[in-house]
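Trainee: Right, I'll just put the structure down here and ask away after.
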Amino acid sequence: MFQKVKKDQKLHYFQETNQFQKTIFKLDNVGVKFGDIQALKDVNLRVNQGEIVFITGASGAGKTTLLNILAGNYPQTSGTVTLPTGKFSAQVFQELRLVENMTCLENLKLVFDPSIYKNKKEFENDLYELAKILGITKRLNIKVSNANGGLRQKVAIIRALLTRPDIFIADEPTSSLDYDNAKRLFDLLNVYNTKRGMTVIWASHNRELVGKFVGKILHLESGRLIHSGHACFI
Ligand SMILES: Nc1ncnc2c1ncn2[C@@H]1O[C@H](COP(=O)(O)OP(=O)(O)OP(=O)(O)O)[C@@H](O)[C@H]1O
Ligand SMILES: [Mg+2]
């Protein structure tokens with residue numbers, strides 16, 4: 001099922017530098033049950049600080065459940081979960097939780113936190129820079145209730161990044177985006193990863209898409225982690 005490495009293929013290996021050796025997520029034999037449904041079975045994994053991790057798998061494979069466990073949103077049914085302490089996570093889940101009767105800009109301004117930014121100007125510089133990179137500067141005054149799926153998704157992503165998180169957890173962040181926009185988002189997260197050491201955990205059913213990006217792939221099938229790889233192919 002997974003591509004074999006051909007001689008002429010360019011391989012990108014995940015950089016395991018000393019700086020990023022610290023394990024921040026540790027799951028041992030983790031199971032999650034919803035009634036009779038076993039959403040995750042016997043999952044063992046480690047995520048190091050500063051890693052970019054893609055969680056892939058078909059619909060119902062357990063991606064969202066795994067993200068919820070990593071985000072600490074609910075407890076596992078069995079096994080041991082160790083989550084990072086003293087780190088701030090931002091989550092972008094399928095339910096975006098934007099304020100519908102406000103504009104995109106107003107939604108973004110809601111997250112200004114004076115304990116993170118020196119002043120409002122610094123915050124707004126970040127806001128407009130992120131809006132520019134994702135190509136939504138001209139659409140910031142659209143009311144969320146009139147915004148299309150792609151715009152909503154980008155606003156939710158920018159809102160999360162404006163909190164300057166240590167860890168960025170996103171569930172299908174590109175479901176409403178085309179390839180160019182998905183690539184732009186990846187490049188942006190990559191900059192945050194390199195510049196700030198932000199750990200990225202990104203779930204997607206689209207293995208072909210995330211396979212084009214550089215990061216570790218964790219593949220789920222019927223709740224089991226069946227593949228973990230450090231290489232991806234271009
Ligand atoms: N809150 C819940 N209550 C009951 N069953 C649930 C709940 N959450 C998930 N499940 C079930 O657990 C299994 C895994 O679901 P999950 O949402 O994690 O999969 P997924 O890989 O995210 O799928 P998709 O690609 O469709 O988002 C599915 O069978 C799903 O129906
Ligand atoms: Mg899901």
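The way I read the labels, and the way they are meant: chains A, B, ... in the order of the structure tokens, residue 1 as the first residue of every chain, and ligand 1 as the first ligand shown, with later ones counted on from there.
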Using only C-alpha atoms and all ligand atoms, find each residue in chain A having at least one atom no more than 6 Å away from ligand 1; report its shortest atom-to-atom pair and that distance in Å (one decimal), rows by chain then rising number, as a tab-separated table.
Mentor:
residue	atom	partner	partner_atom_place_in_ligand_line	distance
A:Phe34	CA	ligand 1	4 (C)	4.8
A:Ala39	CA	ligand 1	12 (O)	4.1
A:Gly57	CA	ligand 1	21 (O)	6.0
A:Ala58	CA	ligand 1	25 (O)	5.7
A:Ser59	CA	ligand 1	25 (O)	3.3
A:Gly60	CA	ligand 1	19 (O)	3.5
A:Ala61	CA	ligand 1	21 (O)	3.9
A:Gly62	CA	ligand 1	18 (O)	3.2
A:Lys63	CA	ligand 1	21 (O)	3.8
A:Thr64	CA	ligand 1	22 (O)	3.7
A:Thr65	CA	ligand 1	18 (O)	3.8
A:His205	CA	ligand 1	25 (O)	5.5
Trainee: Please write the residues from the selection above to a file, keeping N, CA and C atoms, as an mmCIF file, in the first residue's frame.
Mentor:
data_model
loop_
_atom_site.group_PDB
_atom_site.id
_atom_site.type_symbol
_atom_site.label_atom_id
_atom_site.label_comp_id
_atom_site.auth_asym_id
_atom_site.auth_seq_id
_atom_site.Cartn_x
_atom_site.Cartn_y
_atom_site.Cartn_z
ATOM 1 N N PHE A 34 -16.304 3.877 22.199
ATOM 2 C CA PHE A 34 -17.567 4.600 22.311
ATOM 3 C C PHE A 34 -18.641 3.530 22.303
ATOM 4 N N ALA A 39 -12.835 2.803 18.735
ATOM 5 C CA ALA A 39 -12.336 3.818 17.796
ATOM 6 C C ALA A 39 -10.816 3.793 17.677
ATOM 7 N N GLY A 57 -5.505 8.215 7.266
ATOM 8 C CA GLY A 57 -6.383 7.051 7.399
ATOM 9 C C GLY A 57 -7.727 7.358 6.769
ATOM 10 N N ALA A 58 -8.447 6.306 6.425
ATOM 11 C CA ALA A 58 -9.747 6.466 5.773
ATOM 12 C C ALA A 58 -10.766 7.021 6.767
ATOM 13 N N SER A 59 -11.930 7.359 6.259
ATOM 14 C CA SER A 59 -13.001 7.852 7.127
ATOM 15 C C SER A 59 -13.355 6.775 8.156
ATOM 16 N N GLY A 60 -13.410 7.174 9.410
ATOM 17 C CA GLY A 60 -13.737 6.228 10.481
ATOM 18 C C GLY A 60 -12.527 5.497 11.044
ATOM 19 N N ALA A 61 -11.336 5.795 10.518
ATOM 20 C CA ALA A 61 -10.124 5.086 10.976
ATOM 21 C C ALA A 61 -9.708 5.487 12.390
ATOM 22 N N GLY A 62 -10.184 6.658 12.850
ATOM 23 C CA GLY A 62 -9.854 7.068 14.218
ATOM 24 C C GLY A 62 -9.015 8.331 14.325
ATOM 25 N N LYS A 63 -8.865 9.077 13.223
ATOM 26 C CA LYS A 63 -7.999 10.265 13.210
ATOM 27 C C LYS A 63 -8.479 11.323 14.213
ATOM 28 N N THR A 64 -9.765 11.658 14.128
ATOM 29 C CA THR A 64 -10.292 12.697 15.018
ATOM 30 C C THR A 64 -10.211 12.252 16.471
ATOM 31 N N THR A 65 -10.480 10.979 16.710
ATOM 32 C CA THR A 65 -10.395 10.450 18.076
ATOM 33 C C THR A 65 -8.972 10.594 18.596
ATOM 34 N N HIS A 205 -7.517 12.668 5.649
ATOM 35 C CA HIS A 205 -7.799 11.390 4.978
ATOM 36 C C HIS A 205 -7.018 11.344 3.663
#
Trainee: Which polymer residues have any atom within 6 Å of an atom of region 154-169 of chain A, counting only C-alpha atoms, with same-chain residues fewer than 3 positions away left out, as a list in words?
Mentor: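 Those residues are Lys87, Phe88, Ser89, Ala90, Gln91, Leu108, Leu151, Met198, Thr199, Val200, Ile201 and Trp202 of chain A.
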Trainee: Do you have the CA of Ile52 (chain A)-CA of Asn193 (chain A) distance handy?
Mentor: 7.7 Å
Trainee: I need the strand (DSSP E) residues of region 53-166 of chain A per DSSP on the backbone, written as a PyMOL selection string.
Mentor: chain A and resi 53-56+78-82+89-92
Trainee: Nearest residue to Phe213 (chain A) out of A:Leu130, A:Val53, A:Leu225, A:Val99, using only C-alpha atoms?
Mentor: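 Of A:Leu130, A:Val53, A:Leu225, A:Val99, the one nearest Phe213 (chain A), counting only C-alpha atoms, is A:Val53.
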Trainee: For Leu45 (chain A), which residue among A:Ala182, A:Ala203, A:Leu83, A:Ala170 is the nearest when counting only C-alpha atoms?
Mentor: A:Leu83
Trainee: Report, in Å to a single decimal, how far apart CA of Asn29 (chain A) and CA of Thr77 (chain A) are.
Mentor: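 We find that CA of Thr77 (chain A) and CA of Asn29 (chain A) lie 10.4 Å from each other.
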Trainee: Taking the DSSP assignment computed from this structure's backbone, write out as a PyMOL selection string all residues of region 4-234 of chain A that belong to helix (DSSP H, G or I).
Mentor: chain A and resi 18-20+63-70+104-109+120-133+137-139+144-146+149-161+179-196+207-210
Trainee: May I ask which of the residues A:Gln21, A:Asn181, A:Thr194, A:Ser204 is the closest one to Ile133 (chain A), counting only C-alpha atoms?
Mentor: A:Asn181
Trainee: Rounded to one decimal place, report the CA of Gly150 (chain A)-CA of Gly135 (chain A) distance in Å.
Mentor: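 Straight-line distance from CA of Gly150 (chain A) to CA of Gly135 (chain A) works out to 10.9 Å.
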Trainee: Have a look at A:Thr137, A:Ser78, A:Ser175, A:Asn44 and name the one nearest to Gln153 (chain A); count only C-alpha atoms.
Mentor: A:Ser175
Trainee: Residues near Cys104 (chain A), anyone? I mean within 8 Å using only C-alpha atoms, not counting same-chain ones fewer than 5 positions away, as an MDAnalysis selection string.
Mentor: chainID A and resid 139:144 152 155
Trainee: Within 10 Å of Gln76 (chain A), counting only C-alpha atoms, which residues qualify if same-chain residues fewer than 4 places away don't, as a short mmCIF file (atom, residue, chain, number, x, y, z; two decimals) with N, CA and C atoms, in the first residue's frame?
Mentor:
data_model
loop_
_atom_site.label_atom_id
_atom_site.label_comp_id
_atom_site.auth_asym_id
_atom_site.auth_seq_id
_atom_site.Cartn_x
_atom_site.Cartn_y
_atom_site.Cartn_z
N LEU A 27 1.98 7.86 24.01
CA LEU A 27 0.79 7.01 24.14
C LEU A 27 1.25 5.56 24.19
N VAL A 30 -2.88 2.56 23.93
CA VAL A 30 -4.08 3.35 24.16
C VAL A 30 -5.28 2.83 23.34
N GLY A 31 -6.38 2.67 24.04
CA GLY A 31 -7.64 2.29 23.40
C GLY A 31 -8.71 3.29 23.75
N VAL A 32 -9.61 3.55 22.78
CA VAL A 32 -10.77 4.42 23.04
C VAL A 32 -12.01 3.70 22.54
N LYS A 33 -12.99 3.57 23.40
CA LYS A 33 -14.25 2.91 23.02
C LYS A 33 -15.40 3.89 23.17
N LEU A 40 -10.11 3.48 18.80
CA LEU A 40 -8.65 3.33 18.76
C LEU A 40 -8.29 2.05 19.50
N THR A 65 -10.48 10.98 16.71
CA THR A 65 -10.39 10.45 18.08
C THR A 65 -8.97 10.59 18.60
N LEU A 66 -7.99 10.26 17.76
CA LEU A 66 -6.59 10.37 18.19
C LEU A 66 -6.23 11.83 18.48
N ASN A 68 -8.24 14.15 19.46
CA ASN A 68 -8.90 14.53 20.72
C ASN A 68 -8.13 14.02 21.93
N ILE A 69 -7.55 12.85 21.80
CA ILE A 69 -6.74 12.31 22.91
C ILE A 69 -5.48 13.17 23.08
N GLY A 72 -6.13 16.34 24.66
CA GLY A 72 -6.60 16.23 26.04
C GLY A 72 -8.08 16.55 26.18
N THR A 80 -2.07 4.20 28.57
CA THR A 80 -1.51 5.37 29.26
C THR A 80 -1.24 6.51 28.28
N VAL A 81 -1.66 7.70 28.67
CA VAL A 81 -1.45 8.88 27.83
C VAL A 81 -0.63 9.89 28.62
#
Trainee: Skipping near chain neighbours, those fewer than 6 positions away, what residues fall within 8 Å of Arg46 (chain A) using only C-alpha atoms, listed as a VMD selection string?
Mentor: chain A and resid 23 to 27
Trainee: Output C-alpha atoms for every residue in the selection just made, as a short mmCIF file (atom, residue, chain, number, x, y, z; two decimals), in the first residue's frame.
Mentor:
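See part19.cif below for the written result:
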data_model
loop_
_atom_site.label_atom_id
_atom_site.label_comp_id
_atom_site.auth_asym_id
_atom_site.auth_seq_id
_atom_site.Cartn_x
_atom_site.Cartn_y
_atom_site.Cartn_z
CA THR A 23 9.28 13.66 23.70
CA ILE A 24 6.16 15.65 24.51
CA PHE A 25 3.38 13.15 23.69
CA LYS A 26 3.57 9.53 24.77
CA LEU A 27 0.79 7.01 24.14
#
Trainee: With distances taken over only C-alpha atoms and all ligand atoms, which of A:Asn148, A:Thr103, A:Thr82, A:Asn206 is nearest to ligand 2?
Mentor: A:Asn206
Trainee: Determine the nearest neighbour of ligand 2 from the options A:Ser228, A:Asn125, A:Asn101, A:Thr56, counting only C-alpha atoms and all ligand atoms.
Mentor: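 Of A:Ser228, A:Asn125, A:Asn101, A:Thr56, the one nearest ligand 2, counting only C-alpha atoms and all ligand atoms, is A:Thr56.
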